[in-house]
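Asker: Just my_file23.txt, nothing more (compact mmCIF, C-alpha atoms):
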```
# COMPACT_ATOMS: atom_id res chain seq x y z
CA MET B 1 -30.52 3.27 -44.04
CA PRO B 2 -32.85 5.80 -42.35
CA LEU B 3 -33.06 3.60 -39.24
CA THR B 4 -29.26 3.36 -39.02
CA PHE B 5 -29.03 7.10 -39.51
CA TYR B 6 -31.41 7.90 -36.68
CA SER B 7 -29.94 5.35 -34.25
CA SER B 8 -26.40 6.56 -34.84
CA LYS B 9 -27.51 10.16 -34.29
CA LEU B 10 -29.21 9.06 -31.11
CA ALA B 11 -26.05 7.36 -29.92
CA ASP B 12 -24.10 10.53 -30.65
CA ALA B 13 -26.51 12.53 -28.55
CA VAL B 14 -26.41 10.02 -25.71
CA ASN B 15 -22.65 9.89 -25.74
CA TRP B 16 -22.50 13.67 -25.82
CA ALA B 17 -24.60 13.73 -22.67
CA ARG B 18 -22.49 11.05 -21.05
CA LYS B 19 -19.18 12.73 -21.64
CA TYR B 20 -20.26 15.97 -19.97
CA SER B 21 -21.78 14.40 -16.88
CA LEU B 22 -19.21 11.93 -15.61
CA PHE B 23 -19.84 11.06 -11.99
CA GLN B 24 -16.49 10.03 -10.64
CA TYR B 25 -15.54 7.54 -7.97
CA PRO B 26 -12.14 8.61 -6.61
CA PHE B 27 -10.22 5.50 -5.50
CA VAL B 28 -7.48 7.47 -3.75
CA THR B 29 -4.75 5.46 -2.06
CA ALA B 30 -1.60 7.57 -2.06
CA CYS B 31 0.16 10.88 -2.51
CA CYS B 32 -1.25 11.42 -6.02
CA GLY B 33 -4.39 12.36 -4.11
CA MET B 34 -2.88 15.78 -3.43
CA GLU B 35 -2.56 16.54 -7.11
CA PHE B 36 -5.96 15.02 -7.66
CA MET B 37 -7.42 17.48 -5.14
CA ALA B 38 -5.70 20.31 -6.98
CA MET B 39 -7.36 19.16 -10.18
CA TRP B 40 -10.66 19.06 -8.40
CA ALA B 41 -10.28 22.44 -6.62
CA PRO B 42 -11.08 25.86 -8.12
CA LYS B 43 -7.71 26.62 -9.69
CA TYR B 44 -7.83 23.77 -12.21
CA ASP B 45 -11.52 23.16 -11.70
CA VAL B 46 -12.55 19.87 -13.21
CA ALA B 47 -16.12 21.13 -12.92
CA ARG B 48 -15.56 22.95 -16.21
CA PHE B 49 -15.69 19.52 -17.86
CA GLY B 50 -18.71 18.26 -15.99
CA ALA B 51 -16.78 15.70 -13.94
CA GLU B 52 -16.55 17.40 -10.59
CA PHE B 53 -19.15 15.42 -8.72
CA PRO B 54 -17.63 12.61 -6.62
CA ARG B 55 -19.96 9.77 -5.72
CA PHE B 56 -18.68 7.74 -2.84
CA SER B 57 -20.80 4.82 -3.86
CA PRO B 58 -19.58 2.95 -6.92
CA ARG B 59 -23.18 2.18 -7.83
CA GLN B 60 -23.79 5.83 -8.59
CA ALA B 61 -20.51 6.47 -10.37
CA ASP B 62 -19.53 5.96 -13.97
CA LEU B 63 -15.90 7.08 -13.94
CA LEU B 64 -13.45 5.24 -11.69
CA ILE B 65 -10.31 7.28 -11.10
CA ILE B 66 -7.53 5.17 -9.55
CA VAL B 67 -5.29 7.63 -7.77
CA GLY B 68 -2.16 6.09 -6.29
CA THR B 69 -0.42 2.81 -5.64
CA ILE B 70 -2.44 -0.40 -5.76
CA THR B 71 -1.00 -3.25 -3.73
CA GLU B 72 -1.64 -6.92 -4.34
CA ARG B 73 -3.70 -6.91 -1.18
CA GLN B 74 -5.97 -4.17 -2.52
CA ALA B 75 -6.56 -5.86 -5.86
CA PRO B 76 -9.73 -7.73 -4.81
CA VAL B 77 -11.12 -4.51 -3.31
CA LEU B 78 -10.50 -2.56 -6.50
CA ARG B 79 -12.03 -5.31 -8.60
CA ARG B 80 -15.14 -5.37 -6.42
CA ILE B 81 -15.52 -1.59 -6.65
CA TYR B 82 -15.24 -1.85 -10.41
CA ASP B 83 -17.73 -4.69 -10.60
CA GLN B 84 -20.25 -2.72 -8.57
CA MET B 85 -20.29 0.17 -11.01
CA CYS B 86 -23.17 0.29 -13.50
CA GLU B 87 -22.41 0.09 -17.20
CA PRO B 88 -21.32 1.94 -19.20
CA LYS B 89 -18.31 2.81 -17.07
CA TRP B 90 -14.88 4.25 -17.62
CA VAL B 91 -11.56 4.04 -15.80
CA ILE B 92 -8.66 6.48 -15.56
CA ALA B 93 -5.35 5.39 -14.00
CA PHE B 94 -4.04 8.56 -12.38
CA GLY B 95 -0.27 8.55 -11.92
CA VAL B 96 2.46 6.12 -12.78
CA CYS B 97 1.79 3.79 -9.82
CA ALA B 98 -1.78 3.14 -10.89
CA SER B 99 -0.63 2.78 -14.50
CA THR B 100 2.39 0.49 -14.13
CA GLY B 101 3.32 0.17 -10.47
CA GLY B 102 5.80 3.02 -10.89
CA PHE B 103 9.06 2.77 -9.06
CA TYR B 104 7.77 0.00 -6.86
CA GLN B 105 9.18 -3.25 -8.18
CA ASN B 106 8.70 -5.50 -5.21
CA TYR B 107 6.69 -8.16 -3.50
CA SER B 108 3.76 -6.03 -2.48
CA VAL B 109 2.80 -3.60 -5.24
CA MET B 110 0.73 -4.63 -8.23
CA PRO B 111 2.36 -3.64 -11.53
CA GLY B 112 -0.50 -1.45 -12.67
CA ALA B 113 -4.22 -1.43 -11.94
CA ASP B 114 -4.85 -2.94 -15.39
CA GLN B 115 -3.74 -6.27 -13.97
CA VAL B 116 -7.21 -6.65 -12.49
CA ILE B 117 -9.52 -4.16 -14.23
CA PRO B 118 -9.52 -2.57 -17.69
CA VAL B 119 -8.22 0.99 -17.94
CA ASP B 120 -9.29 3.51 -20.58
CA VAL B 121 -6.76 6.29 -20.09
CA TYR B 122 -3.36 6.17 -18.39
CA VAL B 123 -1.92 9.35 -16.95
CA PRO B 124 1.85 9.14 -16.39
CA GLY B 125 3.66 11.31 -13.87
CA CYS B 126 4.73 11.04 -10.26
CA PRO B 127 2.43 12.76 -9.56
CA PRO B 128 0.87 14.04 -12.81
CA ARG B 129 0.30 17.75 -13.15
CA PRO B 130 -3.36 18.71 -12.90
CA GLU B 131 -3.21 19.80 -16.54
CA GLN B 132 -2.20 16.27 -17.50
CA ALA B 133 -5.16 14.87 -15.65
CA LEU B 134 -7.49 17.35 -17.34
CA ASP B 135 -5.94 16.38 -20.66
CA ALA B 136 -6.69 12.74 -19.84
CA LEU B 137 -10.26 13.64 -19.00
CA ILE B 138 -10.70 15.44 -22.33
CA MET B 139 -9.16 12.46 -24.09
CA LEU B 140 -11.62 10.20 -22.34
CA GLN B 141 -14.51 12.48 -23.32
CA GLU B 142 -13.45 12.22 -26.95
CA ARG B 143 -13.41 8.46 -26.67
CA ILE B 144 -16.82 8.42 -25.03
CA GLN B 145 -18.18 10.53 -27.85
CA ARG B 146 -16.77 8.04 -30.36
CA GLY B 147 -18.15 5.13 -28.32
CA GLU B 148 -14.70 3.69 -27.71
CA GLY B 149 -14.73 3.34 -23.96
CA HIS B 150 -13.97 -0.25 -23.00
CA SER B 151 -17.40 -0.95 -21.56
CA GLN B 152 -19.13 0.74 -24.51
CA VAL B 153 -17.29 -1.60 -26.87
CA VAL B 154 -18.13 -4.63 -24.74
CA LEU B 155 -21.78 -3.63 -24.42
CA LYS B 156 -22.04 -3.23 -28.15
CA GLN B 157 -20.34 -6.54 -28.89
CA GLU B 158 -22.16 -8.59 -26.29
CA LYS B 159 -25.56 -7.00 -26.08
CA GLY B 160 -25.88 -5.21 -29.41
CA TYR B 161 -26.75 -1.76 -28.16
CA ASP B 162 -24.87 1.44 -27.45
CA VAL B 163 -23.26 2.90 -30.57
CA PRO B 164 -23.94 0.88 -33.77
CA LEU B 165 -20.97 -1.06 -35.06
CA ALA B 166 -20.56 1.06 -38.16
CA ALA B 167 -19.93 4.15 -36.08
CA ILE B 168 -16.97 2.60 -34.29
CA ARG B 169 -13.60 3.60 -35.57
CA LYS B 170 -10.45 1.89 -34.42
CA THR B 171 -8.58 3.87 -31.80
CA GLY B 172 -6.24 6.29 -33.52
CA ALA B 173 -3.12 7.94 -32.23
CA GLY B 174 -3.70 9.39 -28.81
CA GLY B 175 -7.18 7.93 -28.60
CA MET S 1 24.06 10.16 26.67
CA ALA S 2 22.84 7.00 28.22
CA LYS S 3 26.15 5.65 29.47
CA ILE S 4 24.58 5.44 32.90
CA VAL S 5 22.02 3.01 31.57
CA LEU S 6 24.71 0.72 30.21
CA ASP S 7 26.56 0.91 33.52
CA THR S 8 23.42 0.03 35.44
CA LEU S 9 22.72 -2.80 33.08
CA LEU S 10 26.21 -4.27 33.41
CA ALA S 11 26.08 -3.92 37.19
CA ARG S 12 22.74 -5.72 37.37
CA PHE S 13 23.61 -8.47 34.85
CA PRO S 14 27.22 -9.47 35.47
CA GLY S 15 26.66 -13.10 34.48
CA GLY S 16 27.13 -12.80 30.73
CA GLU S 17 23.58 -11.78 29.81
CA ILE S 18 25.00 -8.63 28.26
CA LEU S 19 27.25 -9.86 25.45
CA ALA S 20 28.61 -6.49 24.36
CA THR S 21 27.97 -2.79 24.73
CA GLY S 22 28.99 0.18 22.71
CA SER S 23 28.59 3.87 22.21
CA GLN S 24 28.80 5.79 18.99
CA HIS S 25 27.80 9.39 18.23
CA GLY S 26 26.00 9.54 21.54
CA ASN S 27 23.97 6.41 20.86
CA GLU S 28 24.36 3.60 23.35
CA TRP S 29 23.65 0.01 22.48
CA ALA S 30 23.85 -3.33 24.22
CA ARG S 31 23.82 -6.80 22.76
CA VAL S 32 21.74 -9.07 24.94
CA ALA S 33 21.68 -12.84 25.16
CA PRO S 34 18.28 -13.93 23.76
CA VAL S 35 17.46 -15.95 26.89
CA ALA S 36 17.66 -12.77 29.00
CA TRP S 37 15.72 -10.59 26.54
CA ARG S 38 12.50 -10.29 28.49
CA GLN S 39 14.31 -10.02 31.85
CA VAL S 40 16.55 -7.18 30.64
CA ALA S 41 13.56 -5.36 29.20
CA GLU S 42 11.63 -5.58 32.46
CA PHE S 43 14.65 -4.40 34.41
CA LEU S 44 15.15 -1.36 32.17
CA ARG S 45 11.51 -0.42 32.49
CA ASP S 46 11.39 -0.70 36.31
CA ASP S 47 14.85 0.42 37.33
CA PRO S 48 14.75 3.93 38.87
CA VAL S 49 17.94 4.98 37.09
CA ALA S 50 17.05 3.67 33.66
CA GLN S 51 13.27 4.33 33.75
CA MET S 52 12.82 3.23 30.17
CA ASN S 53 9.08 3.79 30.18
CA MET S 54 8.65 4.41 26.49
CA PHE S 55 8.82 1.71 23.86
CA VAL S 56 9.99 3.39 20.65
CA ASP S 57 10.62 0.73 18.07
CA LEU S 58 11.18 -2.94 17.53
CA THR S 59 12.40 -4.32 14.25
CA CYS S 60 14.61 -6.98 12.79
CA VAL S 61 17.71 -7.15 10.61
CA ASP S 62 18.64 -10.01 8.31
CA ARG S 63 22.42 -10.29 8.53
CA THR S 64 22.93 -13.18 6.11
CA PRO S 65 25.46 -14.85 6.01
CA HIS S 66 26.29 -13.74 9.53
CA GLU S 67 25.44 -16.13 12.32
CA PRO S 68 23.11 -15.78 14.15
CA ARG S 69 21.24 -14.66 11.09
CA PHE S 70 18.68 -12.25 12.54
CA ASP S 71 19.08 -9.35 14.92
CA VAL S 72 16.00 -8.23 16.80
CA VAL S 73 16.50 -4.53 17.53
CA LEU S 74 14.69 -2.68 20.29
CA HIS S 75 14.76 1.08 20.84
CA LEU S 76 13.79 2.50 24.21
CA TYR S 77 13.41 6.00 25.58
CA SER S 78 12.94 7.42 29.05
CA ILE S 79 10.53 10.31 29.14
CA GLU S 80 11.67 11.38 32.62
CA ARG S 81 15.44 10.93 32.12
CA LYS S 82 15.42 11.86 28.43
CA HIS S 83 17.84 9.16 27.43
CA ARG S 84 17.60 6.34 24.95
CA VAL S 85 19.20 2.98 24.45
CA ARG S 86 19.21 0.34 21.74
CA LEU S 87 19.14 -3.35 22.53
CA LEU S 88 20.01 -6.10 20.09
CA ALA S 89 19.55 -9.83 20.33
CA GLY S 90 20.77 -12.40 17.83
CA VAL S 91 18.24 -14.99 16.68
CA PRO S 92 19.42 -18.08 14.78
CA GLU S 93 17.88 -19.12 11.48
CA LYS S 94 17.26 -22.71 12.62
CA GLU S 95 14.92 -21.71 15.41
CA PRO S 96 14.01 -18.04 15.09
CA VAL S 97 12.25 -17.61 18.42
CA ILE S 98 12.61 -14.94 21.09
CA ASP S 99 10.46 -13.89 24.03
CA THR S 100 7.69 -11.42 23.41
CA LEU S 101 7.80 -7.98 25.03
CA VAL S 102 4.07 -7.35 24.87
CA PRO S 103 3.60 -7.94 28.63
CA VAL S 104 6.36 -5.39 29.28
CA TRP S 105 5.23 -2.70 26.83
CA PRO S 106 1.84 -3.35 25.17
CA GLY S 107 2.97 -1.15 22.29
CA ALA S 108 5.31 -3.91 21.15
CA ASN S 109 2.37 -5.91 19.88
CA TRP S 110 2.12 -4.69 16.28
CA PHE S 111 5.89 -4.24 15.97
CA GLU S 112 6.45 -7.89 16.78
CA ARG S 113 3.75 -8.86 14.33
CA GLU S 114 5.52 -6.85 11.66
CA ALA S 115 8.89 -8.45 12.44
CA PHE S 116 7.19 -11.84 12.26
CA ASP S 117 5.49 -10.98 8.98
CA MET S 118 8.59 -9.60 7.28
CA TYR S 119 11.32 -11.85 8.71
CA GLY S 120 9.63 -14.89 10.18
CA VAL S 121 10.99 -14.34 13.67
CA ARG S 122 8.52 -15.78 16.14
CA PHE S 123 7.84 -14.13 19.48
CA ALA S 124 7.10 -16.71 22.16
CA GLY S 125 4.10 -15.72 24.25
CA HIS S 126 2.76 -13.09 21.86
CA PRO S 127 -1.02 -12.86 22.28
CA ASP S 128 -1.87 -12.65 18.57
CA LEU S 129 1.05 -13.44 16.30
CA ARG S 130 -0.50 -13.04 12.83
CA ARG S 131 0.75 -11.29 9.71
CA ILE S 132 0.05 -7.57 9.89
CA LEU S 133 0.98 -6.16 6.47
CA MET S 134 0.84 -9.05 4.04
CA TYR S 135 -2.30 -11.08 3.39
CA PRO S 136 -2.77 -14.45 5.09
CA GLU S 137 -2.30 -16.31 1.78
CA PHE S 138 1.22 -14.91 1.39
CA GLN S 139 3.98 -17.52 1.44
CA GLY S 140 7.33 -16.73 3.03
CA HIS S 141 8.73 -13.58 4.57
CA PRO S 142 9.44 -10.84 2.03
CA LEU S 143 12.22 -8.89 3.76
CA ARG S 144 14.42 -11.94 4.22
CA LYS S 145 17.46 -11.59 2.03
CA ASP S 146 16.73 -14.88 0.29
CA TYR S 147 13.20 -13.84 -0.75
CA PRO S 148 13.31 -13.15 -4.52
CA LYS S 149 13.36 -9.40 -4.95
CA GLU S 150 10.43 -9.09 -7.33
CA LYS S 151 8.52 -12.25 -6.58
CA ARG S 152 4.83 -11.40 -6.47
CA GLN S 153 2.06 -13.53 -5.06
CA PRO S 154 -1.08 -12.12 -6.67
CA LEU S 155 -4.42 -12.51 -4.98
CA LEU S 156 -6.23 -11.68 -8.22
CA ARG S 157 -5.42 -11.30 -11.92
CA ARG S 158 -7.57 -10.63 -14.98
CA LEU S 159 -8.08 -13.55 -17.27
CA PRO S 160 -6.71 -12.92 -20.76
CA GLY S 161 -9.42 -11.39 -22.96
CA SER S 162 -11.74 -10.57 -20.08
CA VAL S 163 -13.01 -7.15 -19.12
```
Would you mind writing the file out in C-alpha cells?
Answerer:
Amino acid sequence: MPLTFYSSKLADAVNWARKYSLFQYPFVTACCGMEFMAMWAPKYDVARFGAEFPRFSPRQADLLIIVGTITERQAPVLRRIYDQMCEPKWVIAFGVCASTGGFYQNYSVMPGADQVIPVDVYVPGCPPRPEQALDALIMLQERIQRGEGHSQVVLKQEKGYDVPLAAIRKTGAGG
Amino acid sequence: MAKIVLDTLLARFPGGEILATGSQHGNEWARVAPVAWRQVAEFLRDDPVAQMNMFVDLTCVDRTPHEPRFDVVLHLYSIERKHRVRLLAGVPEKEPVIDTLVPVWPGANWFEREAFDMYGVRFAGHPDLRRILMYPEFQGHPLRKDYPKEKRQPLLRRLPGSV
C-alpha cells in the first residue's frame, strides 16, 4: 500500500510537469496554419499554458499538432514524423481536415489523420477559433494529468511504467 | 480582342488544320486538328502579328460521352500585343496522344505532366512524362469522369488495434 501510494504520487507529479511543458511539433500543411499562428501569437498566447515552444525536430517534441489537410501522399511522411517522436507523446488534430478530411471527399485526401496515427484530441472547425484550440490544449493537459494520453496508456500496458493501473480512470465525457 | 490572331491563323492554315474558330465575350478560340497542334503553336509564337510569347495554361477536359473524348486546352498571351487566344484540340479515348509543346514553350512541361496525371493524355516527345501530383503507385487517372468519385488508393493505413 505505501509503495503504491508513493508511486502514484510520483506519477501525478511527473504528469503535472509534463502537461505544463509540452514541446510541440507543428505539422502545418494548410490554411488552418493562420489560425494556428494566431493561437501561438501574443493575443491568444499559448505560452500561458506552457506549450509555446515549437521544436522543428520530432525527436525533441512531445506534442504533434496536425494543422491542415493530410493527403494520401503525405500519410507516410506523417507516420514517420510520429514514429520519430520520443514517448510519451501526444497528438492534436487541429481543424476538421486533420480530424476527418473535412469537406474533401475525393481521391487524394485522407479521411482524417487518425487513419495512420492515433489522435488524442480532435478540434473541429474550418478553421477552429484559437479559443477552441486552447480549449483542446487544456483538455489534453487534463488527460495527461490523468495519464490517459494514448502513449501513456500503451506504455503502461506494454512496459508497466508511467501511471500505475489503479490510477487510470476510463475516459469520461469530454475527456 | 484577338480577332486579328484568328485571321492570321486562318490565312496561314487554309488547309483544314483549323477546324473551327469562335469569339465570345471578347475571348477568341480556335479548334485545331491534333496533327497540326505543334505546328500551329510554333506559328503563333513566331508570327510577328500574333507574337504569342507567353504560355499561360494548358489543361484538359473530359467531355464524355462526346467524341473525341478529351479536349486539350491551351491558353496563350502576347506580352507585346496584349492579346490572348485559346486553342483546343480533340484527343480520342482510344489513343490519347498529342504532340508535346515543351520545345515551343518550356513552361508547358509541368502542365502537360499534370494533364497526363489527371486525364491520361500522353504528350508525344515530352522529356519527362511522369505523374506530378499523384504518387507513382496510383492506378488510373482521377479526373476522368469514369474514375469513381471517392475511390481512394491509400499508401498507408493503421492496422486495427495498433498505435
Asker: What does the distance from atom CA of S:His25 to atom CA of S:Ser78 come to in Å, to one decimal?
Answerer: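 Distance reported for this atom pair: 18.5 Å.
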Asker: Do you have the atom CA of B:Arg73-atom CA of S:Tyr135 distance handy?
Answerer: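 For atom CA of B:Arg73 relative to atom CA of S:Tyr135, the distance reads 6.3 Å.
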Asker: May I ask for the distance between atom CA of S:His141 and atom CA of B:Phe103, given in Å to one decimal place?
Answerer: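 Those two atoms sit 21.3 Å apart.
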Asker: Can you pull out the residues contacting stretch 61-71 of chain S? Cut-off 8 Å, using all atoms listed in the file, and skip same-chain residues under 4 positions away; I want them as a VMD selection string.
Answerer: chain S and resid 88 to 93 96 119 143 to 145
Asker: Could you please tell me, as a list of chain:residue names, which residues of chain S have an atom within 6 Å of chain B when using all atoms listed in the file?
Answerer: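 The contacting residues on chain S are S:Glu150, S:Lys151, S:Arg152, S:Pro154, S:Arg157, S:Arg158, S:Val163.
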Asker: List as a PyMOL selection string the protein and nucleic acid residues near S:Pro48, meaning an atom at most 12 Å away when all atoms listed in the file are counted, but skip any in the same chain fewer than 3 places from it.
Answerer: chain S and resi 4-5+8-9+42-45+51-53+78+80-81
Asker: Just want the 10 Å neighbourhood of S:Asn27, counted on only C-alpha atoms, with same-chain residues fewer than 5 positions away dropped. Output as a list in words.
Answerer: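 Final neighbour list, sorted by chain and number: Met1, Ala2, Lys3, Gly22, His83, Arg84, Val85 and Arg86 of chain S.
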Asker: Counting all atoms listed in the file, figure out which residue out of B:Cys32, B:Pro42, B:Tyr82, B:Val91 gets nearest to B:Pro124.
Answerer: B:Cys32
Asker: Point out the residue among B:Ile81, B:Cys97, B:Leu22, B:Met34 with the least atom-to-atom distance to B:Pro54, counting all atoms listed in the file.
Answerer: B:Leu22
Asker: May I have the protein, DNA and RNA residues with any atom at most 10 Å from the point (11.6, -4.0, 14.4), counting only C-alpha atoms, written as a VMD selection string?
Answerer: chain S and resid 56 to 61 71 to 75 108 110 to 116 118 to 119
Asker: Since the input lacks atoms, please generate all heavy atoms for stretch 150-160 of chain S and provide them as a compact mmCIF listing (two decimals), in the frame of the given file.
Answerer:
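Dumped to result-v2.txt:
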```txt
# COMPACT_ATOMS: atom_id res chain seq x y z
N GLU S 150 11.66 -9.52 -6.69
CA GLU S 150 10.43 -9.09 -7.33
C GLU S 150 9.38 -10.18 -7.40
O GLU S 150 8.47 -10.13 -8.22
CB GLU S 150 10.73 -8.56 -8.74
CG GLU S 150 11.52 -7.27 -8.70
CD GLU S 150 11.85 -6.76 -10.08
OE1 GLU S 150 11.13 -7.10 -11.02
OE2 GLU S 150 12.83 -6.02 -10.21
N LYS S 151 9.50 -11.17 -6.55
CA LYS S 151 8.52 -12.25 -6.58
C LYS S 151 7.19 -11.75 -6.04
O LYS S 151 7.11 -11.30 -4.90
CB LYS S 151 9.01 -13.44 -5.76
CG LYS S 151 8.07 -14.61 -5.77
CD LYS S 151 8.56 -15.69 -4.86
CE LYS S 151 7.52 -16.80 -4.75
NZ LYS S 151 7.86 -17.74 -3.70
N ARG S 152 6.16 -11.84 -6.88
CA ARG S 152 4.83 -11.40 -6.47
C ARG S 152 3.95 -12.62 -6.24
O ARG S 152 4.12 -13.65 -6.88
CB ARG S 152 4.21 -10.51 -7.54
CG ARG S 152 4.94 -9.20 -7.71
CD ARG S 152 4.16 -8.28 -8.62
NE ARG S 152 4.74 -6.95 -8.62
CZ ARG S 152 5.68 -6.56 -9.45
NH1 ARG S 152 6.14 -7.40 -10.35
NH2 ARG S 152 6.17 -5.34 -9.40
N GLN S 153 3.01 -12.46 -5.33
CA GLN S 153 2.06 -13.53 -5.06
C GLN S 153 0.66 -12.95 -5.20
O GLN S 153 0.03 -12.61 -4.21
CB GLN S 153 2.30 -14.09 -3.66
CG GLN S 153 3.69 -14.64 -3.50
CD GLN S 153 3.91 -15.31 -2.16
OE1 GLN S 153 2.98 -15.80 -1.54
NE2 GLN S 153 5.16 -15.33 -1.72
N PRO S 154 0.18 -12.83 -6.44
CA PRO S 154 -1.08 -12.12 -6.67
C PRO S 154 -2.26 -12.80 -6.03
O PRO S 154 -2.37 -14.03 -6.05
CB PRO S 154 -1.22 -12.14 -8.20
CG PRO S 154 0.07 -12.59 -8.74
CD PRO S 154 0.77 -13.35 -7.68
N LEU S 155 -3.15 -11.99 -5.46
CA LEU S 155 -4.42 -12.51 -4.98
C LEU S 155 -5.41 -12.63 -6.13
O LEU S 155 -6.34 -13.42 -6.09
CB LEU S 155 -5.01 -11.57 -3.94
CG LEU S 155 -4.45 -11.63 -2.53
CD1 LEU S 155 -5.09 -10.56 -1.68
CD2 LEU S 155 -4.72 -12.99 -1.94
N LEU S 156 -5.22 -11.81 -7.17
CA LEU S 156 -6.23 -11.68 -8.22
C LEU S 156 -5.53 -11.22 -9.48
O LEU S 156 -4.65 -10.37 -9.43
CB LEU S 156 -7.27 -10.64 -7.79
CG LEU S 156 -8.51 -10.48 -8.63
CD1 LEU S 156 -9.33 -11.75 -8.58
CD2 LEU S 156 -9.34 -9.32 -8.11
N ARG S 157 -5.89 -11.77 -10.61
CA ARG S 157 -5.42 -11.30 -11.92
C ARG S 157 -6.58 -11.40 -12.90
O ARG S 157 -7.45 -12.27 -12.76
CB ARG S 157 -4.24 -12.11 -12.44
CG ARG S 157 -2.91 -11.73 -11.81
CD ARG S 157 -2.49 -10.34 -12.25
NE ARG S 157 -1.17 -10.02 -11.73
CZ ARG S 157 -0.93 -9.39 -10.58
NH1 ARG S 157 -1.94 -9.07 -9.80
NH2 ARG S 157 0.29 -9.11 -10.21
N ARG S 158 -6.59 -10.52 -13.90
CA ARG S 158 -7.57 -10.63 -14.98
C ARG S 158 -7.24 -11.84 -15.83
O ARG S 158 -6.10 -12.13 -16.10
CB ARG S 158 -7.50 -9.41 -15.88
CG ARG S 158 -8.30 -8.26 -15.42
CD ARG S 158 -7.90 -7.06 -16.20
NE ARG S 158 -8.56 -6.99 -17.48
CZ ARG S 158 -8.24 -6.10 -18.40
NH1 ARG S 158 -7.27 -5.25 -18.18
NH2 ARG S 158 -8.88 -6.04 -19.53
N LEU S 159 -8.30 -12.51 -16.28
CA LEU S 159 -8.08 -13.55 -17.27
C LEU S 159 -7.81 -12.89 -18.61
O LEU S 159 -8.35 -11.83 -18.89
CB LEU S 159 -9.33 -14.44 -17.38
CG LEU S 159 -9.71 -15.16 -16.09
CD1 LEU S 159 -11.05 -15.85 -16.26
CD2 LEU S 159 -8.65 -16.17 -15.73
N PRO S 160 -6.97 -13.50 -19.45
CA PRO S 160 -6.71 -12.92 -20.76
C PRO S 160 -8.01 -12.78 -21.55
O PRO S 160 -8.81 -13.71 -21.61
CB PRO S 160 -5.77 -13.93 -21.43
CG PRO S 160 -5.22 -14.74 -20.33
CD PRO S 160 -6.23 -14.74 -19.23
```
